[in-house]
file upload05.txt (compact mmCIF, C-alpha atoms)
# COMPACT_ATOMS: atom_id res chain seq x y z
CA MET A 1 138.31 251.53 119.89
CA ILE A 2 141.89 252.69 119.73
CA VAL A 3 142.77 255.45 122.17
CA ARG A 4 145.66 257.74 122.98
CA ASP A 5 144.88 260.47 125.49
CA GLY A 6 141.14 260.18 124.96
CA GLY A 7 140.24 263.63 126.28
CA GLN A 8 136.94 265.11 127.41
CA PHE A 9 134.66 263.03 125.17
CA LEU A 10 135.89 259.56 126.18
CA ASP A 11 133.99 259.29 129.47
CA PRO A 12 130.53 260.24 128.10
CA LEU A 13 131.06 258.03 125.05
CA LEU A 14 131.81 254.95 127.15
CA GLU A 15 128.98 255.79 129.55
CA ALA A 16 126.54 255.77 126.61
CA ALA A 17 128.10 252.69 125.01
CA ARG A 18 127.98 250.42 128.05
CA ALA A 19 124.17 250.65 128.12
CA THR A 20 123.97 249.20 124.59
CA VAL A 21 126.96 246.98 123.75
CA ASP A 22 127.98 243.57 125.10
CA GLU A 23 131.66 244.43 125.43
CA ILE A 24 134.03 247.35 125.04
CA VAL A 25 137.54 246.70 123.76
CA VAL A 26 139.99 249.60 124.01
CA VAL A 27 143.46 249.40 122.48
CA ASP A 28 145.63 252.07 124.10
CA THR A 29 148.62 253.22 122.04
CA GLY A 30 150.41 255.22 124.71
CA SER A 31 148.05 257.41 126.75
CA ARG A 32 149.62 259.75 129.28
CA ASP A 33 146.30 260.82 130.79
CA LEU A 34 143.65 258.78 132.63
CA SER A 35 142.21 257.10 129.51
CA ARG A 36 143.03 253.56 130.68
CA GLU A 37 141.45 254.16 134.08
CA ILE A 38 138.35 255.75 132.54
CA ALA A 39 137.94 252.82 130.16
CA ARG A 40 138.30 250.22 132.93
CA ARG A 41 135.79 252.11 135.08
CA HIS A 42 133.23 251.54 132.32
CA GLY A 43 134.00 247.83 132.15
CA ALA A 44 136.25 247.95 129.09
CA ARG A 45 138.96 245.42 128.36
CA VAL A 46 142.08 247.56 127.86
CA LEU A 47 144.97 246.30 125.72
CA ASP A 48 148.31 248.07 125.34
CA PHE A 49 149.75 248.29 121.83
CA PRO A 50 153.02 250.11 121.10
CA TRP A 51 152.40 252.75 118.43
CA CYS A 52 153.92 251.76 115.07
CA ASP A 53 152.69 254.57 112.76
CA ASP A 54 149.82 252.40 111.53
CA PHE A 55 146.21 252.99 112.58
CA ALA A 56 145.03 249.83 110.81
CA ALA A 57 147.48 247.67 112.77
CA ALA A 58 146.23 249.09 116.07
CA ARG A 59 142.60 248.79 115.03
CA ASN A 60 143.04 245.15 114.00
CA VAL A 61 144.37 244.29 117.46
CA SER A 62 140.97 245.34 118.82
CA LEU A 63 139.19 243.17 116.24
CA THR A 64 141.25 240.11 117.16
CA ALA A 65 140.45 240.63 120.84
CA SER A 66 136.69 241.14 120.34
CA ARG A 67 134.36 238.25 121.22
CA ALA A 68 130.96 239.64 120.23
CA PRO A 69 129.45 238.60 116.86
CA TRP A 70 129.22 242.21 115.63
CA ILE A 71 131.74 245.06 115.64
CA LEU A 72 130.97 248.77 116.00
CA CYS A 73 134.07 250.97 115.62
CA LEU A 74 134.19 254.43 117.20
CA ASP A 75 136.86 256.91 118.29
CA ALA A 76 137.32 258.61 121.63
CA ASP A 77 136.10 261.99 120.32
CA GLU A 78 132.81 260.67 118.92
CA GLN A 79 129.27 260.07 120.16
CA LEU A 80 125.91 258.66 119.04
CA ALA A 81 122.45 259.93 119.91
CA PRO A 82 120.36 257.57 122.08
CA VAL A 83 118.09 256.75 119.12
CA ASP A 84 121.12 255.74 117.03
CA TRP A 85 122.57 253.50 119.74
CA ARG A 86 119.25 251.63 119.63
CA ARG A 87 119.30 251.47 115.82
CA VAL A 88 122.77 249.95 115.81
CA ARG A 89 121.70 247.28 118.28
CA GLU A 90 118.48 246.52 116.39
CA THR A 91 120.29 246.37 113.04
CA ALA A 92 122.88 243.90 114.32
CA ALA A 93 120.14 241.72 115.83
CA ALA A 94 118.15 241.72 112.58
CA TRP A 95 121.22 240.86 110.51
CA GLN A 96 122.21 238.12 112.93
CA ALA A 97 118.83 236.51 112.38
CA GLY A 98 118.80 236.94 108.60
CA VAL A 99 121.00 238.02 105.71
CA ARG A 100 124.26 239.51 106.91
CA ALA A 101 125.58 242.84 105.71
CA ALA A 102 127.83 245.69 106.79
CA GLY A 103 126.66 249.18 107.69
CA ASN A 104 127.87 252.39 106.08
CA ILE A 105 127.38 255.28 108.53
CA VAL A 106 127.57 259.05 108.09
CA THR A 107 130.06 260.90 110.30
CA ARG A 108 129.43 264.55 111.06
CA ASN A 109 132.86 266.13 111.43
CA TYR A 110 132.11 269.33 113.35
CA VAL A 111 134.24 272.37 112.53
CA PRO A 112 134.34 275.70 114.39
CA GLU A 113 133.86 278.04 111.42
CA PRO A 114 131.08 278.08 108.79
CA TRP A 115 132.27 277.13 105.31
CA SER A 116 135.83 276.60 106.58
CA ARG A 117 135.96 273.27 104.71
CA ARG A 118 134.44 272.17 101.44
CA ASP A 119 131.04 270.42 101.69
CA TRP A 120 130.24 272.17 105.00
CA GLU A 121 126.62 271.88 106.14
CA PRO A 122 124.80 273.63 109.00
CA VAL A 123 123.42 271.60 111.89
CA PRO A 124 119.78 270.82 110.93
CA ALA A 125 117.16 272.87 112.74
CA ILE A 126 115.08 269.69 113.13
CA ASP A 127 117.53 266.88 113.72
CA PRO A 128 116.39 263.28 114.29
CA HIS A 129 119.98 262.42 115.28
CA ALA A 130 120.39 265.21 117.82
CA LEU A 131 122.40 264.62 120.96
CA PRO A 132 120.90 265.64 124.33
CA GLU A 133 123.38 268.54 124.29
CA ARG A 134 123.07 269.80 120.74
CA PRO A 135 126.44 270.24 118.93
CA GLU A 136 125.61 273.68 117.49
CA ALA A 137 126.28 275.05 120.97
CA ILE A 138 129.98 274.53 120.18
CA ALA A 139 130.00 274.32 116.37
CA PRO A 140 127.72 275.82 113.70
CA GLY A 141 128.01 272.88 111.31
CA PHE A 142 129.94 269.93 109.99
CA VAL A 143 131.52 268.22 107.00
CA PRO A 144 129.93 264.80 106.36
CA THR A 145 131.97 261.72 105.50
CA HIS A 146 130.94 258.09 105.05
CA LYS A 147 132.52 254.78 106.03
CA VAL A 148 131.64 251.30 107.21
CA ARG A 149 131.53 251.11 111.00
CA LEU A 150 129.23 248.14 111.72
CA PHE A 151 130.20 244.69 110.43
CA PRO A 152 130.39 241.00 111.44
CA ASN A 153 133.26 239.85 113.61
CA HIS A 154 135.13 237.68 111.10
CA PRO A 155 138.90 237.13 110.66
CA ARG A 156 138.72 238.02 106.96
CA ILE A 157 137.37 241.50 107.73
CA ARG A 158 140.28 243.70 108.72
CA PHE A 159 141.29 247.35 108.45
CA ARG A 160 143.79 248.55 105.86
CA GLY A 161 145.68 251.82 105.56
CA ARG A 162 148.08 253.31 108.07
CA LEU A 163 145.96 256.52 108.08
CA HIS A 164 142.17 256.89 107.65
CA GLU A 165 141.95 253.12 107.85
CA THR A 166 138.87 251.31 106.51
CA VAL A 167 137.50 247.76 106.14
CA GLU A 168 135.90 248.43 102.75
CA ALA A 169 138.53 246.54 100.75
CA SER A 170 138.27 243.36 102.82
CA LEU A 171 134.47 243.56 102.72
CA ALA A 172 134.56 243.72 98.93
CA GLU A 173 136.84 240.69 98.81
CA SER A 174 134.52 238.74 101.12
CA GLY A 175 131.47 239.60 99.03
CA LEU A 176 129.55 241.01 102.00
CA PRO A 177 127.00 243.64 100.90
CA VAL A 178 127.23 247.16 102.33
CA VAL A 179 124.06 249.12 103.10
CA ASP A 180 123.54 252.69 104.30
CA LEU A 181 122.25 252.93 107.87
CA PRO A 182 120.04 255.76 109.20
CA VAL A 183 122.65 256.43 111.90
CA VAL A 184 124.92 259.43 112.54
CA VAL A 185 128.25 259.52 114.34
CA HIS A 186 129.04 262.94 115.86
CA HIS A 187 132.79 263.65 115.64
CA PHE A 188 134.31 266.54 117.61
CA GLY A 189 138.02 266.03 116.92
CA TYR A 190 138.41 269.04 114.59
CA LEU A 191 137.21 271.56 117.17
CA ALA A 192 140.54 271.86 118.96
CA ALA A 193 143.72 272.80 117.07
CA ASP A 194 146.59 270.34 117.60
CA SER A 195 149.70 271.20 115.59
CA ALA A 196 151.61 268.11 116.74
CA LYS A 197 148.76 265.85 115.62
CA THR A 198 148.59 267.69 112.29
CA LEU A 199 152.27 267.01 111.61
CA ARG A 200 151.95 263.35 112.67
CA TYR A 201 149.08 262.88 110.25
CA LEU A 202 151.06 264.55 107.46
CA GLU A 203 153.95 262.12 107.93
CA LEU A 204 151.59 259.14 107.98
CA ALA A 205 149.87 260.42 104.84
CA ARG A 206 153.24 260.64 103.09
CA LEU A 207 154.03 257.05 104.01
CA LYS A 208 150.59 255.86 102.89
CA ALA A 209 150.82 257.63 99.53
CA ASP A 210 154.25 256.13 98.90
CA GLU A 211 152.97 252.65 99.77
CA GLN A 212 149.72 253.03 97.79
CA SER A 213 150.97 255.14 94.92
CA GLY A 214 148.22 253.91 92.60
CA ASP A 215 145.42 254.94 94.96
CA ALA A 216 144.00 258.40 94.24
CA ALA A 217 142.38 258.53 97.68
CA ALA A 218 145.79 258.23 99.35
CA TRP A 219 147.07 261.24 97.37
CA ARG A 220 143.92 263.23 98.23
CA GLU A 221 144.50 262.45 101.90
CA LEU A 222 148.10 263.64 101.60
CA ALA A 223 146.90 266.86 99.96
CA ASP A 224 144.37 267.46 102.76
CA CYS A 225 146.99 266.81 105.46
CA ALA A 226 149.49 269.10 103.72
CA VAL A 227 146.91 271.90 103.49
CA ALA A 228 146.16 271.48 107.21
CA ALA A 229 149.90 271.77 107.92
CA GLY A 230 150.25 274.85 105.69
CA ASP A 231 152.44 273.09 103.10
CA HIS A 232 150.70 274.19 99.90
CA LEU A 233 153.53 273.10 97.62
CA GLN A 234 153.32 269.51 98.81
CA ALA A 235 149.52 269.67 98.71
CA LEU A 236 149.54 270.78 95.06
CA ALA A 237 151.93 268.01 94.05
CA ALA A 238 149.74 265.45 95.85
CA ILE A 239 146.43 266.62 94.38
CA GLU A 240 147.94 266.60 90.89
CA ARG A 241 148.95 262.97 91.45
CA ALA A 242 145.37 262.20 92.48
CA LEU A 243 143.99 263.89 89.36
CA ALA A 244 146.39 261.96 87.14
CA LEU A 245 144.75 258.78 88.49
CA VAL A 246 141.11 260.03 88.60
CA PRO A 247 140.65 263.09 86.33
CA ASN A 248 136.88 263.34 86.94
CA ASP A 249 137.16 264.16 90.65
CA ALA A 250 135.39 267.51 91.07
CA ASN A 251 136.60 268.07 94.63
CA ALA A 252 140.20 267.40 93.61
CA ARG A 253 139.84 269.92 90.76
CA LEU A 254 138.50 272.49 93.23
CA THR A 255 141.41 271.84 95.59
CA ALA A 256 143.92 272.14 92.74
CA GLY A 257 142.29 275.37 91.53
CA TRP A 258 142.36 276.90 95.01
CA LEU A 259 146.01 275.94 95.57
CA LEU A 260 147.04 277.34 92.18
CA LYS A 261 145.12 280.55 92.90
CA GLU A 262 146.96 280.92 96.20
CA ALA A 263 150.27 280.32 94.39
CA GLY A 264 149.50 283.07 91.86
CA GLN A 265 149.33 280.64 88.93
CA TYR A 266 146.11 282.08 87.59
CA ALA A 267 145.99 280.51 84.13
CA ARG A 268 146.50 277.03 85.56
CA ALA A 269 143.95 277.73 88.29
CA GLU A 270 141.38 278.82 85.70
CA ALA A 271 141.96 275.64 83.69
CA GLN A 272 141.38 273.40 86.73
CA LEU A 273 138.26 275.27 87.78
CA LEU A 274 136.76 275.29 84.29
CA ALA A 275 137.13 271.50 84.29
CA VAL A 276 134.88 271.09 87.36
CA ALA A 277 131.66 271.45 85.35
CA GLY A 278 132.80 268.61 83.08
CA CYS A 279 133.43 266.17 85.93
CA ALA A 280 130.97 263.31 86.11
CA GLY A 281 128.63 263.79 89.04
CA ALA A 282 129.66 267.38 89.80
CA THR A 283 126.99 268.98 91.99
CA ASP A 284 125.52 272.46 91.66
CA ARG A 285 127.32 273.46 94.85
CA GLN A 286 130.67 272.27 93.47
CA ILE A 287 130.08 274.18 90.23
CA GLY A 288 129.12 277.21 92.33
CA GLN A 289 132.35 276.90 94.31
CA ALA A 290 134.29 276.74 91.04
CA CYS A 291 132.57 279.94 89.85
CA HIS A 292 133.44 281.65 93.14
CA LEU A 293 137.10 280.64 92.89
CA ARG A 294 137.20 281.76 89.24
CA ALA A 295 135.83 285.15 90.33
CA GLN A 296 138.61 285.44 92.92
CA VAL A 297 141.17 284.49 90.25
CA ALA A 298 139.78 287.15 87.90
CA MET A 299 139.97 289.83 90.60
CA ARG A 300 143.55 288.96 91.49
CA ASP A 301 144.49 288.79 87.83
CA GLY A 302 143.23 292.30 87.11
CA ARG A 303 140.05 291.17 85.33
CA ALA A 304 137.47 292.52 87.76
CA GLU A 305 134.87 292.90 85.00
CA ALA A 306 134.82 289.10 84.57
CA ALA A 307 134.22 288.47 88.27
CA GLY A 308 130.68 289.88 88.48
CA PRO A 309 128.86 287.31 86.30
CA LEU A 310 130.82 284.50 87.97
CA LEU A 311 129.77 285.70 91.44
CA MET A 312 126.13 285.92 90.35
CA ALA A 313 126.32 282.35 89.07
CA ALA A 314 127.99 281.19 92.30
CA LEU A 315 125.29 282.79 94.45
CA GLN A 316 122.56 281.23 92.37
CA MET A 317 123.99 277.77 93.12
CA ALA A 318 125.10 278.40 96.73
CA PRO A 319 123.14 281.39 98.10
CA ASP A 320 123.91 280.49 101.72
CA ASP A 321 127.72 280.57 101.36
CA GLY A 322 128.94 283.60 103.28
CA HIS A 323 132.34 283.56 101.58
CA ILE A 324 130.71 284.30 98.23
CA HIS A 325 128.88 287.29 99.74
CA ASN A 326 132.19 288.52 101.16
CA THR A 327 133.87 288.29 97.74
CA LEU A 328 130.86 290.02 96.17
CA GLY A 329 131.27 292.88 98.65
CA ALA A 330 134.98 293.14 97.85
CA TRP A 331 134.14 293.18 94.13
CA HIS A 332 131.69 296.05 94.63
CA LEU A 333 134.37 297.94 96.58
CA VAL A 334 136.84 297.59 93.72
CA GLY A 335 134.21 299.11 91.44
CA GLY A 336 133.45 301.96 93.82
CA ARG A 337 129.90 300.79 94.56
CA GLY A 338 129.63 301.57 98.26
CA ASP A 339 126.01 300.75 99.06
CA PRO A 340 125.88 297.28 97.44
CA ALA A 341 129.31 296.57 98.94
CA ARG A 342 128.02 297.41 102.42
CA VAL A 343 124.91 295.24 101.99
CA ALA A 344 126.92 292.23 100.80
CA LEU A 345 129.58 292.58 103.49
CA GLU A 346 127.09 293.03 106.33
CA ARG A 347 125.32 289.89 105.14
CA ALA A 348 128.65 288.05 105.03
CA ALA A 349 129.52 289.21 108.55
CA VAL A 350 126.30 287.67 109.85
CA MET A 351 126.75 284.44 107.89
CA LEU A 352 130.40 284.07 108.97
CA PRO A 353 130.23 285.03 112.65
CA HIS A 354 133.67 283.60 113.49
CA LEU A 355 135.64 285.09 110.59
CA PRO A 356 137.18 288.59 110.55
CA ASP A 357 137.32 289.11 106.76
CA PRO A 358 133.89 290.75 106.21
CA CYS A 359 134.56 293.09 109.17
CA LEU A 360 137.97 294.00 107.72
CA ASN A 361 136.42 294.78 104.35
CA LEU A 362 133.75 296.94 105.99
CA ALA A 363 136.42 298.77 108.03
CA ARG A 364 138.47 299.49 104.90
CA MET A 365 135.34 300.70 103.12
CA TYR A 366 134.46 303.14 105.91
CA GLU A 367 138.06 304.31 106.24
CA ALA A 368 138.27 305.04 102.52
CA ALA A 369 134.92 306.87 102.67
CA GLY A 370 136.18 309.17 105.46
CA HIS A 371 134.30 307.62 108.40
CA PRO A 372 137.11 306.73 110.86
CA GLU A 373 134.76 306.06 113.79
CA LEU A 374 132.89 303.38 111.83
CA ALA A 375 136.18 301.99 110.54
CA VAL A 376 137.51 301.69 114.13
CA ARG A 377 134.35 299.88 115.20
CA HIS A 378 134.74 297.26 112.47
CA TYR A 379 138.49 296.83 112.97
CA GLU A 380 137.73 296.16 116.64
CA GLN A 381 135.07 293.63 115.66
CA ALA A 382 137.56 291.91 113.35
CA LEU A 383 140.07 291.65 116.21
CA ARG A 384 137.43 290.19 118.54
CA ARG A 385 136.91 287.46 115.96
CA ASP A 386 140.64 286.91 115.37
CA PRO A 387 142.99 288.65 117.83
CA SER A 388 146.03 287.56 115.78
CA ARG A 389 144.97 289.43 112.61
CA GLN A 390 147.90 291.85 112.28
CA THR A 391 146.39 293.98 109.53
CA ALA A 392 143.46 294.86 111.79
CA SER A 393 145.60 295.75 114.80
CA THR A 394 147.95 297.88 112.68
CA ALA A 395 145.07 299.78 111.08
CA LEU A 396 143.35 300.22 114.44
CA ALA A 397 146.51 301.64 116.01
CA ARG A 398 146.91 304.08 113.10
CA LEU A 399 143.30 305.28 113.28
CA THR A 400 143.08 305.62 117.04
CA ALA A 401 146.35 307.60 117.09
CA ARG A 402 144.91 309.93 114.47
CA VAL A 403 141.62 310.35 116.32
call {"tool": "encode", "arguments": {"input": "upload05.txt", "output": "structure tokens"}}
result
Amino acid sequence: MIVRDGGQFLDPLLEAARATVDEIVVVDTGSRDLSREIARRHGARVLDFPWCDDFAAARNVSLTASRAPWILCLDADEQLAPVDWRRVRETAAAWQAGVRAAGNIVTRNYVPEPWSRRDWEPVPAIDPHALPERPEAIAPGFVPTHKVRLFPNHPRIRFRGRLHETVEASLAESGLPVVDLPVVVHHFGYLAADSAKTLRYLELARLKADEQSGDAAAWRELADCAVAAGDHLQALAAIERALALVPNDANARLTAGWLLKEAGQYARAEAQLLAVAGCAGATDRQIGQACHLRAQVAMRDGRAEAAGPLLMAALQMAPDDGHIHNTLGAWHLVGGRGDPARVALERAAVMLPHLPDPCLNLARMYEAAGHPELAVRHYEQALRRDPSRQTASTALARLTARV
């Protein structure tokens, strides 16, 4: 592990780990909290490493210090279910006795709002990888990612990349096969906003993209970090660099289309979104997301009549996406169809319990229909979901003064 101010998840992670692993190596890059003391209390060997803007460099210090024949890499804000700790141990033992390989493991990156990131999935109702305290108590779902986390301890296997570091390149060079493991890592790092961390990651992503200018993944990472930091101009430039290298990337096309829509460049947005269906391996959900974004483009561009069929197509491919229902409700409002608008927006409000937008649309609908009491109720609900939403507080002040 590499750690800097490990936070609330470090202690339970190390408590669970010490029951399974032979050693714990923690490389601390400048903690100001009790991370070092917590790690030592759980029997970890703690090494200090001055931060040098390079996650791979810090991670490789831990590899050099490790003595066990197998490496499992985790972060301070992660956890495994008891059944998956056992699977990791059993897998390493089986590989030690037979043909060696490396293990690709799914990470569930929990996020606080449904559909707030592309590829979001709800926590499964029946979950073989469930933690004793189920994550849906603090997050409704997650975005899955995949990377190698279990591999032999060998000097040729090292991390690369100053941000979002991986061992995949060195594994490919060594010829070691990679297999998917039935293991899940639960990651909670996205649940707390950290603006300073967001800006640090953006700077590291810039450096990585400059150093690896021929790597589309580095440009995608820069785009993601720029979006997180609110720098849409830099994000658009980065995602266009990624698409120049890998034109058939459906997710990159979706990101480009969304950024161009937000910038008011509707013709260019439409072109990017139309291209999603032609990308090799594009999923139904990705095509549905493209249809949804195209409907939003059409509505903003004054072509509301074109939005309806696109929204129907989007719902057919992603019926559980609350954002599409919210856009459908807004589309019905534009057309003066009050009852279907209400049905769609009420459904969206249930499906997106943390977001104020469906409540705002319902409030505007009731205000326009001459029902100020109902409008006030929904503006208040929007503010409970997002107290900083200025449009809701302004409208609420206007209506309550009038009443």
call {"tool": "atom_distance", "arguments": {"input": "upload05.txt", "atom1": "CA of Phe49 (chain A)", "atom2": "CA of Ser31 (chain A)"}}
result
10.5 Å
call {"tool": "residues_around", "arguments": {"input": "upload05.txt", "residues": "region 270-286 of chain A", "least_positions_apart": "5", "cutoff": "7 Å", "atoms": "only C-alpha atoms", "output": "MDAnalysis selection string"}}
result
chainID A and resid 248:250 253:254 256:257 294 317:318
call {"tool": "residues_around", "arguments": {"input": "upload05.txt", "residues": "Gln316 (chain A)", "least_positions_apart": "2", "cutoff": "12 Å", "atoms": "all atoms listed in the file", "output": "PDB file with C-alpha atoms, in the coordinates of the input"}}
result
ATOM      1  CA  ASP A 284     125.520 272.460  91.660  1.00  0.00           C
ATOM      2  CA  ARG A 285     127.320 273.460  94.850  1.00  0.00           C
ATOM      3  CA  ILE A 287     130.080 274.180  90.230  1.00  0.00           C
ATOM      4  CA  GLY A 288     129.120 277.210  92.330  1.00  0.00           C
ATOM      5  CA  GLN A 289     132.350 276.900  94.310  1.00  0.00           C
ATOM      6  CA  CYS A 291     132.570 279.940  89.850  1.00  0.00           C
ATOM      7  CA  HIS A 292     133.440 281.650  93.140  1.00  0.00           C
ATOM      8  CA  PRO A 309     128.860 287.310  86.300  1.00  0.00           C
ATOM      9  CA  LEU A 310     130.820 284.500  87.970  1.00  0.00           C
ATOM     10  CA  LEU A 311     129.770 285.700  91.440  1.00  0.00           C
ATOM     11  CA  MET A 312     126.130 285.920  90.350  1.00  0.00           C
ATOM     12  CA  ALA A 313     126.320 282.350  89.070  1.00  0.00           C
ATOM     13  CA  ALA A 314     127.990 281.190  92.300  1.00  0.00           C
ATOM     14  CA  ALA A 318     125.100 278.400  96.730  1.00  0.00           C
ATOM     15  CA  PRO A 319     123.140 281.390  98.100  1.00  0.00           C
ATOM     16  CA  ASP A 320     123.910 280.490 101.720  1.00  0.00           C
ATOM     17  CA  ASP A 321     127.720 280.570 101.360  1.00  0.00           C
ATOM     18  CA  ILE A 324     130.710 284.300  98.230  1.00  0.00           C
ATOM     19  CA  HIS A 325     128.880 287.290  99.740  1.00  0.00           C
TER      20      HIS A 325
END
call {"tool": "closest_residue", "arguments": {"input": "upload05.txt", "among": "A:Ala94, A:Leu315, A:Ala267, A:Ala344", "to": "Arg300 (chain A)", "atoms": "all atoms listed in the file"}}
result
A:Ala267
call {"tool": "closest_residue", "arguments": {"input": "upload05.txt", "among": "A:Gly43, A:Pro82, A:Pro144, A:Pro247", "to": "Leu131 (chain A)", "atoms": "all atoms listed in the file"}}
result
A:Pro82
call {"tool": "atom_distance", "arguments": {"input": "upload05.txt", "atom1": "CA of Ala56 (chain A)", "atom2": "CA of Thr166 (chain A)"}}
result
7.7 Å
call {"tool": "residues_around", "arguments": {"input": "upload05.txt", "residues": "Val185 (chain A)", "least_positions_apart": "3", "cutoff": "7 Å", "atoms": "only C-alpha atoms", "output": "VMD selection string"}}
result
chain A and resid 78 to 80 106 to 108
call {"tool": "residues_around", "arguments": {"input": "upload05.txt", "residues": "region 386-395 of chain A", "least_positions_apart": "2", "cutoff": "8 Å", "atoms": "only C-alpha atoms", "output": "JSON list (two decimals) with C-alpha atoms, in the coordinates of the input"}}
result
[["chain", "number", "residue", "atom", "x", "y", "z"],
["A", 354, "HIS", "CA", 133.67, 283.60, 113.49],
["A", 355, "LEU", "CA", 135.64, 285.09, 110.59],
["A", 356, "PRO", "CA", 137.18, 288.59, 110.55],
["A", 360, "LEU", "CA", 137.97, 294.00, 107.72],
["A", 379, "TYR", "CA", 138.49, 296.83, 112.97],
["A", 380, "GLU", "CA", 137.73, 296.16, 116.64],
["A", 382, "ALA", "CA", 137.56, 291.91, 113.35],
["A", 383, "LEU", "CA", 140.07, 291.65, 116.21],
["A", 384, "ARG", "CA", 137.43, 290.19, 118.54],
["A", 397, "ALA", "CA", 146.51, 301.64, 116.01],
["A", 398, "ARG", "CA", 146.91, 304.08, 113.10],
["A", 399, "LEU", "CA", 143.30, 305.28, 113.28]]
call {"tool": "residues_around", "arguments": {"input": "upload05.txt", "residues": "Pro140 (chain A)", "least_positions_apart": "6", "cutoff": "8 Å", "atoms": "all atoms listed in the file", "output": "PDB file with C-alpha atoms, keeping the file's coordinate frame"}}
result
ATOM      1  CA  TYR A 110     132.110 269.330 113.350  1.00  0.00           C
ATOM      2  CA  VAL A 111     134.240 272.370 112.530  1.00  0.00           C
ATOM      3  CA  PRO A 112     134.340 275.700 114.390  1.00  0.00           C
ATOM      4  CA  GLU A 113     133.860 278.040 111.420  1.00  0.00           C
ATOM      5  CA  PRO A 114     131.080 278.080 108.790  1.00  0.00           C
ATOM      6  CA  PRO A 122     124.800 273.630 109.000  1.00  0.00           C
ATOM      7  CA  VAL A 123     123.420 271.600 111.890  1.00  0.00           C
TER       8      VAL A 123
END
call {"tool": "atom_distance", "arguments": {"input": "upload05.txt", "atom1": "CA of Glu90 (chain A)", "atom2": "CA of Asn109 (chain A)"}}
result
24.8 Å
call {"tool": "decode", "arguments": {"input": "upload05.txt", "residues": "region 11-22 of chain A", "atoms": "N, CA and C atoms", "output": "PDB file, in the first residue's frame"}}
result
ATOM      1  N   ASP A  11      -8.038   1.760   9.151  1.00  0.00           N
ATOM      2  CA  ASP A  11      -8.006   0.834  10.288  1.00  0.00           C
ATOM      3  C   ASP A  11      -8.783  -0.450  10.010  1.00  0.00           C
ATOM      4  N   PRO A  12     -10.049  -0.392   9.536  1.00  0.00           N
ATOM      5  CA  PRO A  12     -10.753  -1.652   9.250  1.00  0.00           C
ATOM      6  C   PRO A  12     -10.130  -2.445   8.113  1.00  0.00           C
ATOM      7  N   LEU A  13      -9.530  -1.764   7.138  1.00  0.00           N
ATOM      8  CA  LEU A  13      -8.867  -2.491   6.054  1.00  0.00           C
ATOM      9  C   LEU A  13      -7.712  -3.314   6.605  1.00  0.00           C
ATOM     10  N   LEU A  14      -6.846  -2.701   7.403  1.00  0.00           N
ATOM     11  CA  LEU A  14      -5.677  -3.411   7.923  1.00  0.00           C
ATOM     12  C   LEU A  14      -6.086  -4.484   8.919  1.00  0.00           C
ATOM     13  N   GLU A  15      -7.153  -4.246   9.671  1.00  0.00           N
ATOM     14  CA  GLU A  15      -7.669  -5.269  10.586  1.00  0.00           C
ATOM     15  C   GLU A  15      -8.087  -6.512   9.816  1.00  0.00           C
ATOM     16  N   ALA A  16      -8.767  -6.318   8.672  1.00  0.00           N
ATOM     17  CA  ALA A  16      -9.184  -7.458   7.846  1.00  0.00           C
ATOM     18  C   ALA A  16      -7.992  -8.107   7.165  1.00  0.00           C
ATOM     19  N   ALA A  17      -7.042  -7.299   6.719  1.00  0.00           N
ATOM     20  CA  ALA A  17      -5.901  -7.831   5.970  1.00  0.00           C
ATOM     21  C   ALA A  17      -5.009  -8.713   6.829  1.00  0.00           C
ATOM     22  N   ARG A  18      -4.767  -8.309   8.068  1.00  0.00           N
ATOM     23  CA  ARG A  18      -3.784  -9.016   8.890  1.00  0.00           C
ATOM     24  C   ARG A  18      -4.202 -10.450   9.173  1.00  0.00           C
ATOM     25  N   ALA A  19      -5.506 -10.752   9.055  1.00  0.00           N
ATOM     26  CA  ALA A  19      -5.973 -12.120   9.267  1.00  0.00           C
ATOM     27  C   ALA A  19      -5.684 -13.017   8.074  1.00  0.00           C
ATOM     28  N   THR A  20      -5.300 -12.424   6.937  1.00  0.00           N
ATOM     29  CA  THR A  20      -5.149 -13.197   5.698  1.00  0.00           C
ATOM     30  C   THR A  20      -3.734 -13.178   5.152  1.00  0.00           C
ATOM     31  N   VAL A  21      -3.063 -12.026   5.207  1.00  0.00           N
ATOM     32  CA  VAL A  21      -1.780 -11.875   4.505  1.00  0.00           C
ATOM     33  C   VAL A  21      -0.608 -12.195   5.432  1.00  0.00           C
ATOM     34  N   ASP A  22       0.549 -12.453   4.824  1.00  0.00           N
ATOM     35  CA  ASP A  22       1.758 -12.763   5.592  1.00  0.00           C
ATOM     36  C   ASP A  22       2.488 -11.510   6.044  1.00  0.00           C
TER      37      ASP A  22
END
